[in-house]
Amino acid sequence: MNVSSPFIARPIATSLLAVALLLIGLLGYRSLPVAALPQVDFPTIQVTTQLPGASADTMASLVTTPLERQFGLIAGLTSMVSSSSEGESFITLQFDLSENIDVASEDVQAAINAAKGVLPANLPYPPAYSKVNPADPPVITLSLTSDSLPMTQVNDIADTILAQKLSQITGVGRVLTEGGQRPAFRIQLNPAMLATYNISLEDVRTALGKANVNLPKGTFDGPQQTLTLDVNDQIEDAPTYANIIIATHNGTNVRVKDVGDVVQSLENTKVGGWVNGKPAVIVDIQRQPGANIVSTVNLIKQTLPQLTSSLPPGIKLDILADRTQTIRASVSDVQFTLIITIILVIIVIYIFLRSVRATIIPGIALPLSLIATFAVMALCGFSLDNLSLMALTIASGFVVDDAIVMIENIVRYIEQGEKPLAAAYKGAKEIGFTIISLTVSLIAVFIPLLFMTGIVGRLFREFALTLTISVIASMVISLTLTPMMCGRMLKSGSIKHEDDSDLENTRGLFNKSKRYYGKTLAWVLENQPLTLLVAAITLVATILLYIVIPKDFLPQQDTGQIVATTDAGASVSFPEMVRLQEQVAEIVKSDPDVTAVASFLGASSTNITPNTGHLTIVLKQLSDRSASAQEIADRLNQKLKDISGMVVSLQAVQDIQIGAQASRTKYQYTLTDLNSVELTDWTNKFITR
């Protein structure tokens, strides 16, 4: 049976088929998203609960533990990491790879609702969840600065305008405003005066809560008219707070001003953010697990001009860090390598075939096979990433083999005197099954990768499938388009024989190479014991090198960003923390390879305790730097060791984070360990399980 016969006999239909593959492949290429690596994110959800004033022990016992018990009943949950600090509780839930994050979020919300009955009644906000991996660095970081407006107003605009709009963008998992300062009134009470009037702190809190409400007041109903009372009892200035009556003592009203002072201050006086030493609100945008980084950042950048126009004139919005710059550069480098590979393969084919006509055929089959692969990649939901493009680069050496085998067999008949069309029929009939068997054997090599489970299987499945698809596309083209082109394009004598006068220098080089190989082969055969000894030494050296060589899940990447965490003692005051943080930021900013430094202090989802800080260090372009990101981090680490009173840890940001690690983990457990883990206090400020 001649599979290629119908296609050789119908050159127009075969050509149209090739054009269709080309167009479909180009459309698939345009629709493929760009990423650093295939999507391998675990479905991860972080639950945050706030109870201002509560200690770490109180948060762990009253908030974290009841929520953990409910979350432990969710199907598909593989691990749970919780941390409790002053006034805040964070629980990170990681689900199985097969779970859908949207379905998992519904289960998490149901568990939160079930736990409401045992949670403290005075929670200011209910537990909130976000579909993010806390270990995943922000995809883009923005900064808000102002020379004329107070930071409280800048933070209010960041919360009400910027964060709300950015959260609505597809792919955005969470928008964090770091270093923001919300306005608030603080009541500073005198314990001696409270004791004089026999008033407790709870009495003051209850009186303030009753006096500062915004509830329905009812209506006035008359025979002809009705009027709804619209009165706001919320207090908006310090003097009104000072005049609130909190108790009656010996017939005299006791007001807030009688037992303390009311000052206009901040909701949290122990937070702050700076960009290059200037006060700022830092906006970190994290993607939702499974969302494409480049597509998400593109949507964010498209929205920024509209958001910038809605900001007051005194506020400046800047993009501080963008993780997609290195991703785009990495993918562009691999694409360039792929193009160079195709060109080199075609040049090698021409050198050996020594015929322009014969070279054109595989020169068309090779890129067409790769382009057709893009269409199937788009249907499978793949992306243009380093692994898929690497698979196409490797495939460029495989897919050309089918066309070469077909051409050589057809040329053999042409050299024997057959007409090109007849030679195409005979050659294709003989070699068709061979090409199919070659394809099947190549696919068999990647079957273990296709059925591999877990994070490694998810990571390399796209690589194996891309390579498999390209090989199948090559088989189809070699059985259809290649024999048709051989029958129509090749002519008798178009392939030059070895005694032709063309390319004498090349033929001479080949002959010299063959003679040299013959001499070395003869020497090896004459010295077999020595050859076996060299082979044994090579084997032993290979095993030793495998043992001593550093091992990692993925190679170290240079994203142009470094993150630093700062830790001070639990007794260090916030002003001292600010001084130390500024000292660290100044040393980092003085490095010649650093372009910008954003730092913030205070307890948040990033900084678990008040005595910790965070720095985002943005580096110059790789071509303008003197070292890699990790080398710069090591260099800065040496400079920062001299700072007394604070410990600084630096790490280069990677393009991919596997798993969901808390920023500071003392204990970590899976669900099977849930009942056996004991709470451990970390300097009375931080508890993690």
# chains A, B, ... in the order shown; residues from 1 in each chain; ligands from 1
>>> select_by_dssp(residues="region 31-86 of chain A", states="helix (DSSP H, G or I)", output="ChimeraX atom specification")
/A:31,56-71
>>> write_last_selection(atoms="N, CA, C and O atoms", output="PDB file, in the first residue's frame")
ATOM      1  N   SER A  31      -1.883  33.060  19.007  1.00  0.00           N
ATOM      2  CA  SER A  31      -2.742  32.910  20.185  1.00  0.00           C
ATOM      3  C   SER A  31      -2.026  32.302  21.384  1.00  0.00           C
ATOM      4  O   SER A  31      -2.592  32.243  22.477  1.00  0.00           O
ATOM      5  N   ALA A  56      -0.078  36.735  70.027  1.00  0.00           N
ATOM      6  CA  ALA A  56       0.091  35.590  69.139  1.00  0.00           C
ATOM      7  C   ALA A  56      -0.608  34.358  69.699  1.00  0.00           C
ATOM      8  O   ALA A  56      -1.243  33.598  68.961  1.00  0.00           O
ATOM      9  N   ASP A  57      -0.528  34.147  71.040  1.00  0.00           N
ATOM     10  CA  ASP A  57      -1.201  33.002  71.659  1.00  0.00           C
ATOM     11  C   ASP A  57      -2.712  33.103  71.509  1.00  0.00           C
ATOM     12  O   ASP A  57      -3.390  32.106  71.232  1.00  0.00           O
ATOM     13  N   THR A  58      -3.241  34.304  71.688  1.00  0.00           N
ATOM     14  CA  THR A  58      -4.685  34.496  71.560  1.00  0.00           C
ATOM     15  C   THR A  58      -5.148  34.242  70.133  1.00  0.00           C
ATOM     16  O   THR A  58      -6.167  33.579  69.902  1.00  0.00           O
ATOM     17  N   MET A  59      -4.400  34.749  69.163  1.00  0.00           N
ATOM     18  CA  MET A  59      -4.750  34.524  67.767  1.00  0.00           C
ATOM     19  C   MET A  59      -4.708  33.037  67.422  1.00  0.00           C
ATOM     20  O   MET A  59      -5.585  32.523  66.708  1.00  0.00           O
ATOM     21  N   ALA A  60      -3.709  32.344  67.952  1.00  0.00           N
ATOM     22  CA  ALA A  60      -3.577  30.922  67.634  1.00  0.00           C
ATOM     23  C   ALA A  60      -4.718  30.108  68.222  1.00  0.00           C
ATOM     24  O   ALA A  60      -5.244  29.198  67.574  1.00  0.00           O
ATOM     25  N   SER A  61      -5.108  30.410  69.452  1.00  0.00           N
ATOM     26  CA  SER A  61      -6.127  29.598  70.126  1.00  0.00           C
ATOM     27  C   SER A  61      -7.553  29.977  69.725  1.00  0.00           C
ATOM     28  O   SER A  61      -8.409  29.099  69.582  1.00  0.00           O
ATOM     29  N   LEU A  62      -7.816  31.278  69.539  1.00  0.00           N
ATOM     30  CA  LEU A  62      -9.185  31.717  69.279  1.00  0.00           C
ATOM     31  C   LEU A  62      -9.523  31.824  67.793  1.00  0.00           C
ATOM     32  O   LEU A  62     -10.708  31.739  67.429  1.00  0.00           O
ATOM     33  N   VAL A  63      -8.537  32.017  66.949  1.00  0.00           N
ATOM     34  CA  VAL A  63      -8.809  32.244  65.527  1.00  0.00           C
ATOM     35  C   VAL A  63      -8.231  31.134  64.651  1.00  0.00           C
ATOM     36  O   VAL A  63      -8.952  30.477  63.891  1.00  0.00           O
ATOM     37  N   THR A  64      -6.920  30.918  64.764  1.00  0.00           N
ATOM     38  CA  THR A  64      -6.266  29.980  63.846  1.00  0.00           C
ATOM     39  C   THR A  64      -6.761  28.551  64.033  1.00  0.00           C
ATOM     40  O   THR A  64      -7.093  27.864  63.060  1.00  0.00           O
ATOM     41  N   THR A  65      -6.823  28.082  65.287  1.00  0.00           N
ATOM     42  CA  THR A  65      -7.212  26.692  65.531  1.00  0.00           C
ATOM     43  C   THR A  65      -8.634  26.375  65.067  1.00  0.00           C
ATOM     44  O   THR A  65      -8.847  25.351  64.397  1.00  0.00           O
ATOM     45  N   PRO A  66      -9.663  27.181  65.382  1.00  0.00           N
ATOM     46  CA  PRO A  66     -11.007  26.866  64.867  1.00  0.00           C
ATOM     47  C   PRO A  66     -11.072  26.826  63.336  1.00  0.00           C
ATOM     48  O   PRO A  66     -11.771  25.970  62.767  1.00  0.00           O
ATOM     49  N   LEU A  67     -10.354  27.732  62.687  1.00  0.00           N
ATOM     50  CA  LEU A  67     -10.361  27.714  61.227  1.00  0.00           C
ATOM     51  C   LEU A  67      -9.653  26.465  60.696  1.00  0.00           C
ATOM     52  O   LEU A  67     -10.109  25.851  59.721  1.00  0.00           O
ATOM     53  N   GLU A  68      -8.545  26.085  61.334  1.00  0.00           N
ATOM     54  CA  GLU A  68      -7.815  24.895  60.882  1.00  0.00           C
ATOM     55  C   GLU A  68      -8.689  23.647  60.950  1.00  0.00           C
ATOM     56  O   GLU A  68      -8.639  22.792  60.056  1.00  0.00           O
ATOM     57  N   ARG A  69      -9.473  23.536  62.003  1.00  0.00           N
ATOM     58  CA  ARG A  69     -10.313  22.348  62.136  1.00  0.00           C
ATOM     59  C   ARG A  69     -11.335  22.254  61.006  1.00  0.00           C
ATOM     60  O   ARG A  69     -11.639  21.161  60.527  1.00  0.00           O
ATOM     61  N   GLN A  70     -11.857  23.370  60.573  1.00  0.00           N
ATOM     62  CA  GLN A  70     -12.818  23.361  59.467  1.00  0.00           C
ATOM     63  C   GLN A  70     -12.116  23.131  58.134  1.00  0.00           C
ATOM     64  O   GLN A  70     -12.608  22.377  57.286  1.00  0.00           O
ATOM     65  N   PHE A  71     -10.965  23.759  57.952  1.00  0.00           N
ATOM     66  CA  PHE A  71     -10.239  23.576  56.689  1.00  0.00           C
ATOM     67  C   PHE A  71      -9.754  22.135  56.529  1.00  0.00           C
ATOM     68  O   PHE A  71      -9.641  21.639  55.407  1.00  0.00           O
TER      69      PHE A  71
END
>>> residues_around(residues="Lys589 (chain A)", least_positions_apart="6", cutoff="12 Å", atoms="only C-alpha atoms", output="list in words")
Val275, Asn276, Gly277, Glu582, Gln583, Thr595, Ala596, Val597, Ala598, Ser599, Leu615, Thr616, Ile617, Val618, Leu619, Lys620, Leu636 and Lys639 of chain A
>>> residues_around(residues="region 198-214 of chain A", least_positions_apart="4", cutoff="9 Å", atoms="only C-alpha atoms", output="PyMOL selection string")
chain A and resi 189+191+193-194+231-235+241+244-247+249+256
>>> write_last_selection(atoms="N, CA, C and O atoms", output="mmCIF file, in the first residue's frame")
data_model
loop_
_atom_site.group_PDB
_atom_site.id
_atom_site.type_symbol
_atom_site.label_atom_id
_atom_site.label_comp_id
_atom_site.auth_asym_id
_atom_site.auth_seq_id
_atom_site.Cartn_x
_atom_site.Cartn_y
_atom_site.Cartn_z
ATOM 1 N N LEU A 189 -5.715 56.931 77.564
ATOM 2 C CA LEU A 189 -6.387 56.995 78.862
ATOM 3 C C LEU A 189 -5.378 57.012 80.009
ATOM 4 O O LEU A 189 -4.297 56.414 79.919
ATOM 5 N N PRO A 191 -4.671 55.698 83.592
ATOM 6 C CA PRO A 191 -5.146 54.635 84.500
ATOM 7 C C PRO A 191 -5.540 55.159 85.883
ATOM 8 O O PRO A 191 -6.477 54.644 86.500
ATOM 9 N N MET A 193 -6.843 58.099 86.671
ATOM 10 C CA MET A 193 -8.158 58.735 86.600
ATOM 11 C C MET A 193 -9.259 57.696 86.420
ATOM 12 O O MET A 193 -10.353 57.838 86.978
ATOM 13 N N LEU A 194 -8.982 56.651 85.640
ATOM 14 C CA LEU A 194 -9.984 55.589 85.486
ATOM 15 C C LEU A 194 -10.272 54.928 86.828
ATOM 16 O O LEU A 194 -11.436 54.619 87.155
ATOM 17 N N VAL A 231 -29.721 60.384 59.593
ATOM 18 C CA VAL A 231 -28.765 61.007 60.503
ATOM 19 C C VAL A 231 -27.592 60.048 60.689
ATOM 20 O O VAL A 231 -27.788 58.860 60.963
ATOM 21 N N ASN A 232 -26.375 60.573 60.533
ATOM 22 C CA ASN A 232 -25.163 59.767 60.691
ATOM 23 C C ASN A 232 -24.543 60.074 62.047
ATOM 24 O O ASN A 232 -24.136 61.205 62.314
ATOM 25 N N ASP A 233 -24.498 59.057 62.908
ATOM 26 C CA ASP A 233 -23.938 59.244 64.250
ATOM 27 C C ASP A 233 -22.440 59.005 64.312
ATOM 28 O O ASP A 233 -21.858 59.029 65.397
ATOM 29 N N GLN A 234 -21.808 58.764 63.176
ATOM 30 C CA GLN A 234 -20.371 58.530 63.197
ATOM 31 C C GLN A 234 -19.630 59.827 63.514
ATOM 32 O O GLN A 234 -19.986 60.897 63.022
ATOM 33 N N ILE A 235 -18.578 59.715 64.331
ATOM 34 C CA ILE A 235 -17.815 60.878 64.790
ATOM 35 C C ILE A 235 -16.610 61.052 63.886
ATOM 36 O O ILE A 235 -15.901 60.086 63.580
ATOM 37 N N TYR A 241 -15.132 63.261 70.077
ATOM 38 C CA TYR A 241 -14.767 62.078 70.862
ATOM 39 C C TYR A 241 -14.497 62.466 72.313
ATOM 40 O O TYR A 241 -14.864 61.750 73.252
ATOM 41 N N ILE A 244 -17.606 62.684 74.665
ATOM 42 C CA ILE A 244 -18.496 61.537 74.845
ATOM 43 C C ILE A 244 -18.573 61.185 76.335
ATOM 44 O O ILE A 244 -17.558 61.097 77.029
ATOM 45 N N ILE A 245 -19.783 60.981 76.811
ATOM 46 C CA ILE A 245 -20.003 60.592 78.215
ATOM 47 C C ILE A 245 -19.832 59.082 78.323
ATOM 48 O O ILE A 245 -20.482 58.305 77.620
ATOM 49 N N ILE A 246 -18.936 58.665 79.197
ATOM 50 C CA ILE A 246 -18.667 57.235 79.337
ATOM 51 C C ILE A 246 -19.241 56.661 80.636
ATOM 52 O O ILE A 246 -19.403 55.441 80.753
ATOM 53 N N ALA A 247 -19.544 57.499 81.609
ATOM 54 C CA ALA A 247 -20.110 56.997 82.873
ATOM 55 C C ALA A 247 -20.643 58.178 83.691
ATOM 56 O O ALA A 247 -20.447 59.351 83.319
ATOM 57 N N HIS A 249 -20.591 59.542 87.729
ATOM 58 C CA HIS A 249 -19.959 59.328 89.030
ATOM 59 C C HIS A 249 -20.456 60.387 90.005
ATOM 60 O O HIS A 249 -20.233 61.592 89.808
ATOM 61 N N VAL A 256 -14.793 61.515 78.113
ATOM 62 C CA VAL A 256 -13.496 60.959 77.705
ATOM 63 C C VAL A 256 -12.370 61.910 78.071
ATOM 64 O O VAL A 256 -11.306 61.488 78.537
#
>>> closest_residue(among="A:Val154, A:Val47, A:Ile187, A:Ile346", to="Arg174 (chain A)", atoms="only C-alpha atoms")
A:Val47
>>> residues_around(residues="Leu384 (chain A)", least_positions_apart="2", cutoff="10 Å", atoms="only C-alpha atoms", output="list of chain:residue names")
A:Tyr29, A:Ser31, A:Leu32, A:Pro33, A:Val34, A:Ala35, A:Ala36, A:Leu37, A:Pro38, A:Val331, A:Ser332, A:Val334, A:Gln335, A:Phe374, A:Met377, A:Ala378, A:Phe382, A:Asn386, A:Leu387, A:Ser388, A:Leu389, A:Met390
>>> closest_residue(among="A:Gln168, A:Ser330, A:Gln288, A:Thr177", to="Asp136 (chain A)", atoms="only C-alpha atoms")
A:Gln288
>>> atom_distance(atom1="CA of Val524 (chain A)", atom2="CA of Leu545 (chain A)")
25.8 Å
>>> residues_around(residues="region 459-464 of chain A", least_positions_apart="2", cutoff="12 Å", atoms="only C-alpha atoms", output="JSON, numbers by chain")
{"A": [36, 37, 38, 39, 40, 41, 42, 97, 376, 377, 378, 380, 381, 382, 383, 384, 385, 386, 387, 388, 389, 390, 391, 392, 393, 394, 395, 442, 443, 444, 445, 446, 447, 448, 449, 450, 451, 452, 453, 454, 455, 456, 457, 466, 467, 468, 469, 470, 471, 553, 554, 656, 658]}
>>> select_by_dssp(residues="region 184-423 of chain A", states="strand (DSSP E or B)", output="ChimeraX atom specification")
/A:184-189,219-221,226-228,245-249,252-255,260-266,272-275,278-279,281-287,315-322,384
>>> write_last_selection(atoms="C-alpha atoms", output="PDB file, in the first residue's frame")
ATOM      1  CA  ALA A 184      -7.542  57.075  62.912  1.00  0.00           C
ATOM      2  CA  PHE A 185      -8.276  58.642  66.292  1.00  0.00           C
ATOM      3  CA  ARG A 186      -6.337  57.387  69.307  1.00  0.00           C
ATOM      4  CA  ILE A 187      -7.658  57.740  72.855  1.00  0.00           C
ATOM      5  CA  GLN A 188      -4.880  57.781  75.437  1.00  0.00           C
ATOM      6  CA  LEU A 189      -6.387  56.995  78.862  1.00  0.00           C
ATOM      7  CA  THR A 219     -39.320  57.166  59.946  1.00  0.00           C
ATOM      8  CA  PHE A 220     -41.927  59.833  60.743  1.00  0.00           C
ATOM      9  CA  ASP A 221     -45.351  58.886  59.396  1.00  0.00           C
ATOM     10  CA  THR A 226     -43.696  60.175  55.501  1.00  0.00           C
ATOM     11  CA  LEU A 227     -40.067  61.041  56.234  1.00  0.00           C
ATOM     12  CA  THR A 228     -37.121  58.679  56.675  1.00  0.00           C
ATOM     13  CA  ILE A 245     -20.003  60.592  78.215  1.00  0.00           C
ATOM     14  CA  ILE A 246     -18.667  57.235  79.337  1.00  0.00           C
ATOM     15  CA  ALA A 247     -20.110  56.997  82.873  1.00  0.00           C
ATOM     16  CA  THR A 248     -21.788  58.880  85.726  1.00  0.00           C
ATOM     17  CA  HIS A 249     -19.959  59.328  89.030  1.00  0.00           C
ATOM     18  CA  THR A 252     -21.603  63.938  87.484  1.00  0.00           C
ATOM     19  CA  ASN A 253     -21.100  62.911  83.885  1.00  0.00           C
ATOM     20  CA  VAL A 254     -17.614  61.586  83.223  1.00  0.00           C
ATOM     21  CA  ARG A 255     -16.415  62.343  79.691  1.00  0.00           C
ATOM     22  CA  GLY A 260      -7.544  60.883  78.900  1.00  0.00           C
ATOM     23  CA  ASP A 261      -6.672  62.645  75.667  1.00  0.00           C
ATOM     24  CA  VAL A 262      -7.928  62.191  72.091  1.00  0.00           C
ATOM     25  CA  VAL A 263      -5.421  62.684  69.282  1.00  0.00           C
ATOM     26  CA  GLN A 264      -5.746  62.321  65.537  1.00  0.00           C
ATOM     27  CA  SER A 265      -3.214  59.712  64.515  1.00  0.00           C
ATOM     28  CA  LEU A 266      -2.843  56.589  62.385  1.00  0.00           C
ATOM     29  CA  GLY A 272       5.914  52.621  56.804  1.00  0.00           C
ATOM     30  CA  GLY A 273       7.058  52.410  53.222  1.00  0.00           C
ATOM     31  CA  TRP A 274       9.809  54.095  51.229  1.00  0.00           C
ATOM     32  CA  VAL A 275      11.053  54.097  47.633  1.00  0.00           C
ATOM     33  CA  LYS A 278      11.164  58.778  49.847  1.00  0.00           C
ATOM     34  CA  PRO A 279       7.885  57.964  51.689  1.00  0.00           C
ATOM     35  CA  VAL A 281       2.807  53.422  49.273  1.00  0.00           C
ATOM     36  CA  ILE A 282       4.008  50.218  47.601  1.00  0.00           C
ATOM     37  CA  VAL A 283       1.442  48.182  45.650  1.00  0.00           C
ATOM     38  CA  ASP A 284       2.379  44.521  45.123  1.00  0.00           C
ATOM     39  CA  ILE A 285       0.249  42.629  42.614  1.00  0.00           C
ATOM     40  CA  GLN A 286       0.275  38.837  42.820  1.00  0.00           C
ATOM     41  CA  ARG A 287      -1.183  36.614  40.150  1.00  0.00           C
ATOM     42  CA  ILE A 315       0.193  61.692  43.208  1.00  0.00           C
ATOM     43  CA  LYS A 316       2.777  60.013  40.991  1.00  0.00           C
ATOM     44  CA  LEU A 317       2.327  56.393  39.921  1.00  0.00           C
ATOM     45  CA  ASP A 318       5.424  54.470  38.779  1.00  0.00           C
ATOM     46  CA  ILE A 319       6.169  50.880  37.805  1.00  0.00           C
ATOM     47  CA  LEU A 320       8.881  49.853  40.227  1.00  0.00           C
ATOM     48  CA  ALA A 321       9.496  46.230  39.162  1.00  0.00           C
ATOM     49  CA  ASP A 322       8.204  44.078  36.314  1.00  0.00           C
ATOM     50  CA  LEU A 384       5.542  29.694  24.404  1.00  0.00           C
TER      51      LEU A 384
END
>>> closest_residue(among="A:Asn133, A:Ser355, A:Gln621, A:Thr44", to="Gly76 (chain A)", atoms="only C-alpha atoms")
A:Thr44
>>> residues_around(residues="region 13-26 of chain A", least_positions_apart="4", cutoff="12 Å", atoms="only C-alpha atoms", output="short mmCIF file (atom, residue, chain, number, x, y, z; two decimals) with N, CA, C and O atoms, in the first residue's frame")
data_model
loop_
_atom_site.label_atom_id
_atom_site.label_comp_id
_atom_site.auth_asym_id
_atom_site.auth_seq_id
_atom_site.Cartn_x
_atom_site.Cartn_y
_atom_site.Cartn_z
N SER A 4 1.45 7.56 0.17
CA SER A 4 1.76 8.85 -0.45
C SER A 4 1.19 8.99 -1.86
O SER A 4 1.21 10.09 -2.42
N SER A 5 0.71 7.89 -2.46
CA SER A 5 0.28 7.91 -3.86
C SER A 5 -0.80 8.96 -4.14
O SER A 5 -0.67 9.73 -5.11
N PRO A 6 -1.88 9.06 -3.34
CA PRO A 6 -2.91 10.08 -3.65
C PRO A 6 -2.36 11.51 -3.60
O PRO A 6 -2.81 12.37 -4.35
N PHE A 7 -1.41 11.76 -2.74
CA PHE A 7 -0.87 13.11 -2.61
C PHE A 7 0.10 13.44 -3.74
O PHE A 7 0.18 14.59 -4.18
N ILE A 8 0.85 12.42 -4.23
CA ILE A 8 1.73 12.65 -5.38
C ILE A 8 0.91 12.92 -6.63
O ILE A 8 1.28 13.77 -7.46
N ALA A 9 -0.21 12.23 -6.75
CA ALA A 9 -1.04 12.39 -7.94
C ALA A 9 -1.83 13.69 -7.93
O ALA A 9 -2.32 14.13 -8.98
N ARG A 30 0.07 32.96 17.07
CA ARG A 30 -0.38 34.28 17.54
C ARG A 30 -1.21 34.18 18.82
O ARG A 30 -1.23 35.11 19.62
N SER A 31 -1.88 33.06 19.01
CA SER A 31 -2.74 32.91 20.18
C SER A 31 -2.03 32.30 21.38
O SER A 31 -2.59 32.24 22.48
N LEU A 32 -0.79 31.83 21.19
CA LEU A 32 -0.07 31.20 22.30
C LEU A 32 0.42 32.25 23.29
O LEU A 32 1.06 33.23 22.90
N ILE A 364 11.57 23.32 3.25
CA ILE A 364 10.16 23.67 3.44
C ILE A 364 9.52 22.75 4.49
O ILE A 364 8.72 23.19 5.33
N ALA A 365 9.88 21.47 4.44
CA ALA A 365 9.27 20.50 5.36
C ALA A 365 9.62 20.81 6.81
O ALA A 365 8.78 20.66 7.71
N LEU A 366 10.86 21.23 7.08
CA LEU A 366 11.30 21.47 8.46
C LEU A 366 10.52 22.60 9.13
O LEU A 366 9.89 22.38 10.18
N PRO A 367 10.52 23.83 8.58
CA PRO A 367 9.75 24.89 9.27
C PRO A 367 8.26 24.64 9.25
O PRO A 367 7.55 25.02 10.20
N LEU A 368 7.74 23.97 8.21
CA LEU A 368 6.30 23.70 8.16
C LEU A 368 5.89 22.74 9.27
O LEU A 368 4.82 22.91 9.88
N SER A 369 6.73 21.76 9.56
CA SER A 369 6.42 20.83 10.65
C SER A 369 6.38 21.56 11.99
O SER A 369 5.50 21.30 12.82
N LEU A 370 7.32 22.47 12.20
CA LEU A 370 7.36 23.22 13.47
C LEU A 370 6.19 24.19 13.56
O LEU A 370 5.59 24.34 14.64
N ILE A 371 5.87 24.86 12.45
CA ILE A 371 4.75 25.81 12.48
C ILE A 371 3.43 25.09 12.71
O ILE A 371 2.56 25.58 13.45
N ALA A 372 3.24 23.92 12.08
CA ALA A 372 2.02 23.16 12.30
C ALA A 372 1.88 22.74 13.76
O ALA A 372 0.77 22.60 14.28
N THR A 373 3.01 22.55 14.43
CA THR A 373 2.98 22.18 15.85
C THR A 373 2.34 23.27 16.70
O THR A 373 1.67 22.98 17.70
N PHE A 374 2.52 24.53 16.32
CA PHE A 374 1.95 25.64 17.09
C PHE A 374 0.43 25.53 17.18
O PHE A 374 -0.17 25.89 18.20
N ALA A 375 -0.22 25.07 16.11
CA ALA A 375 -1.68 24.97 16.11
C ALA A 375 -2.14 23.97 17.16
O ALA A 375 -3.09 24.25 17.93
N VAL A 376 -1.50 22.81 17.23
CA VAL A 376 -1.90 21.80 18.22
C VAL A 376 -1.54 22.28 19.63
O VAL A 376 -2.27 22.02 20.59
N MET A 377 -0.43 23.00 19.78
CA MET A 377 -0.07 23.55 21.08
C MET A 377 -1.15 24.50 21.59
O MET A 377 -1.49 24.49 22.78
N ALA A 378 -1.67 25.32 20.70
CA ALA A 378 -2.73 26.25 21.10
C ALA A 378 -3.99 25.50 21.52
O ALA A 378 -4.66 25.87 22.50
N LEU A 379 -4.34 24.41 20.79
CA LEU A 379 -5.51 23.62 21.15
C LEU A 379 -5.33 22.93 22.50
O LEU A 379 -6.30 22.75 23.24
N SER A 470 5.41 17.59 17.10
CA SER A 470 6.25 18.00 15.97
C SER A 470 6.72 16.80 15.16
O SER A 470 6.81 16.86 13.93
N ALA A 473 3.77 15.68 13.08
CA ALA A 473 3.59 16.62 11.96
C ALA A 473 4.64 16.38 10.88
O ALA A 473 4.34 16.44 9.67
N SER A 474 5.86 16.08 11.30
CA SER A 474 6.91 15.79 10.33
C SER A 474 6.59 14.53 9.52
O SER A 474 6.81 14.47 8.31
N VAL A 476 3.58 13.33 8.83
CA VAL A 476 2.49 13.64 7.89
C VAL A 476 3.03 14.40 6.68
O VAL A 476 2.70 14.08 5.52
N ILE A 477 3.88 15.37 6.90
CA ILE A 477 4.41 16.17 5.79
C ILE A 477 5.36 15.34 4.93
O ILE A 477 5.37 15.46 3.69
N SER A 478 6.14 14.45 5.56
CA SER A 478 7.08 13.63 4.79
C SER A 478 6.36 12.59 3.93
O SER A 478 6.91 12.13 2.92
N LEU A 479 5.15 12.20 4.32
CA LEU A 479 4.39 11.23 3.54
C LEU A 479 3.48 11.89 2.50
O LEU A 479 2.91 11.18 1.66
N THR A 480 3.33 13.21 2.57
CA THR A 480 2.42 13.89 1.64
C THR A 480 3.15 14.92 0.79
O THR A 480 3.32 14.73 -0.41
N LEU A 481 3.62 15.97 1.40
CA LEU A 481 4.20 17.08 0.64
C LEU A 481 5.58 16.73 0.08
O LEU A 481 5.89 17.06 -1.07
N THR A 482 6.41 16.04 0.88
CA THR A 482 7.79 15.76 0.44
C THR A 482 7.85 14.90 -0.82
O THR A 482 8.54 15.27 -1.79
N PRO A 483 7.17 13.75 -0.91
CA PRO A 483 7.24 12.98 -2.16
C PRO A 483 6.62 13.70 -3.35
O PRO A 483 7.10 13.56 -4.49
N MET A 484 5.56 14.50 -3.10
CA MET A 484 4.98 15.26 -4.19
C MET A 484 5.98 16.27 -4.75
O MET A 484 6.14 16.39 -5.98
N MET A 485 6.69 16.98 -3.86
CA MET A 485 7.69 17.95 -4.32
C MET A 485 8.86 17.26 -5.00
O MET A 485 9.42 17.78 -5.98
N ARG A 488 7.86 16.50 -8.53
CA ARG A 488 7.63 17.66 -9.39
C ARG A 488 8.86 18.56 -9.52
O ARG A 488 9.02 19.24 -10.54
#
>>> atom_distance(atom1="CA of Lys419 (chain A)", atom2="CA of Leu438 (chain A)")
27.4 Å
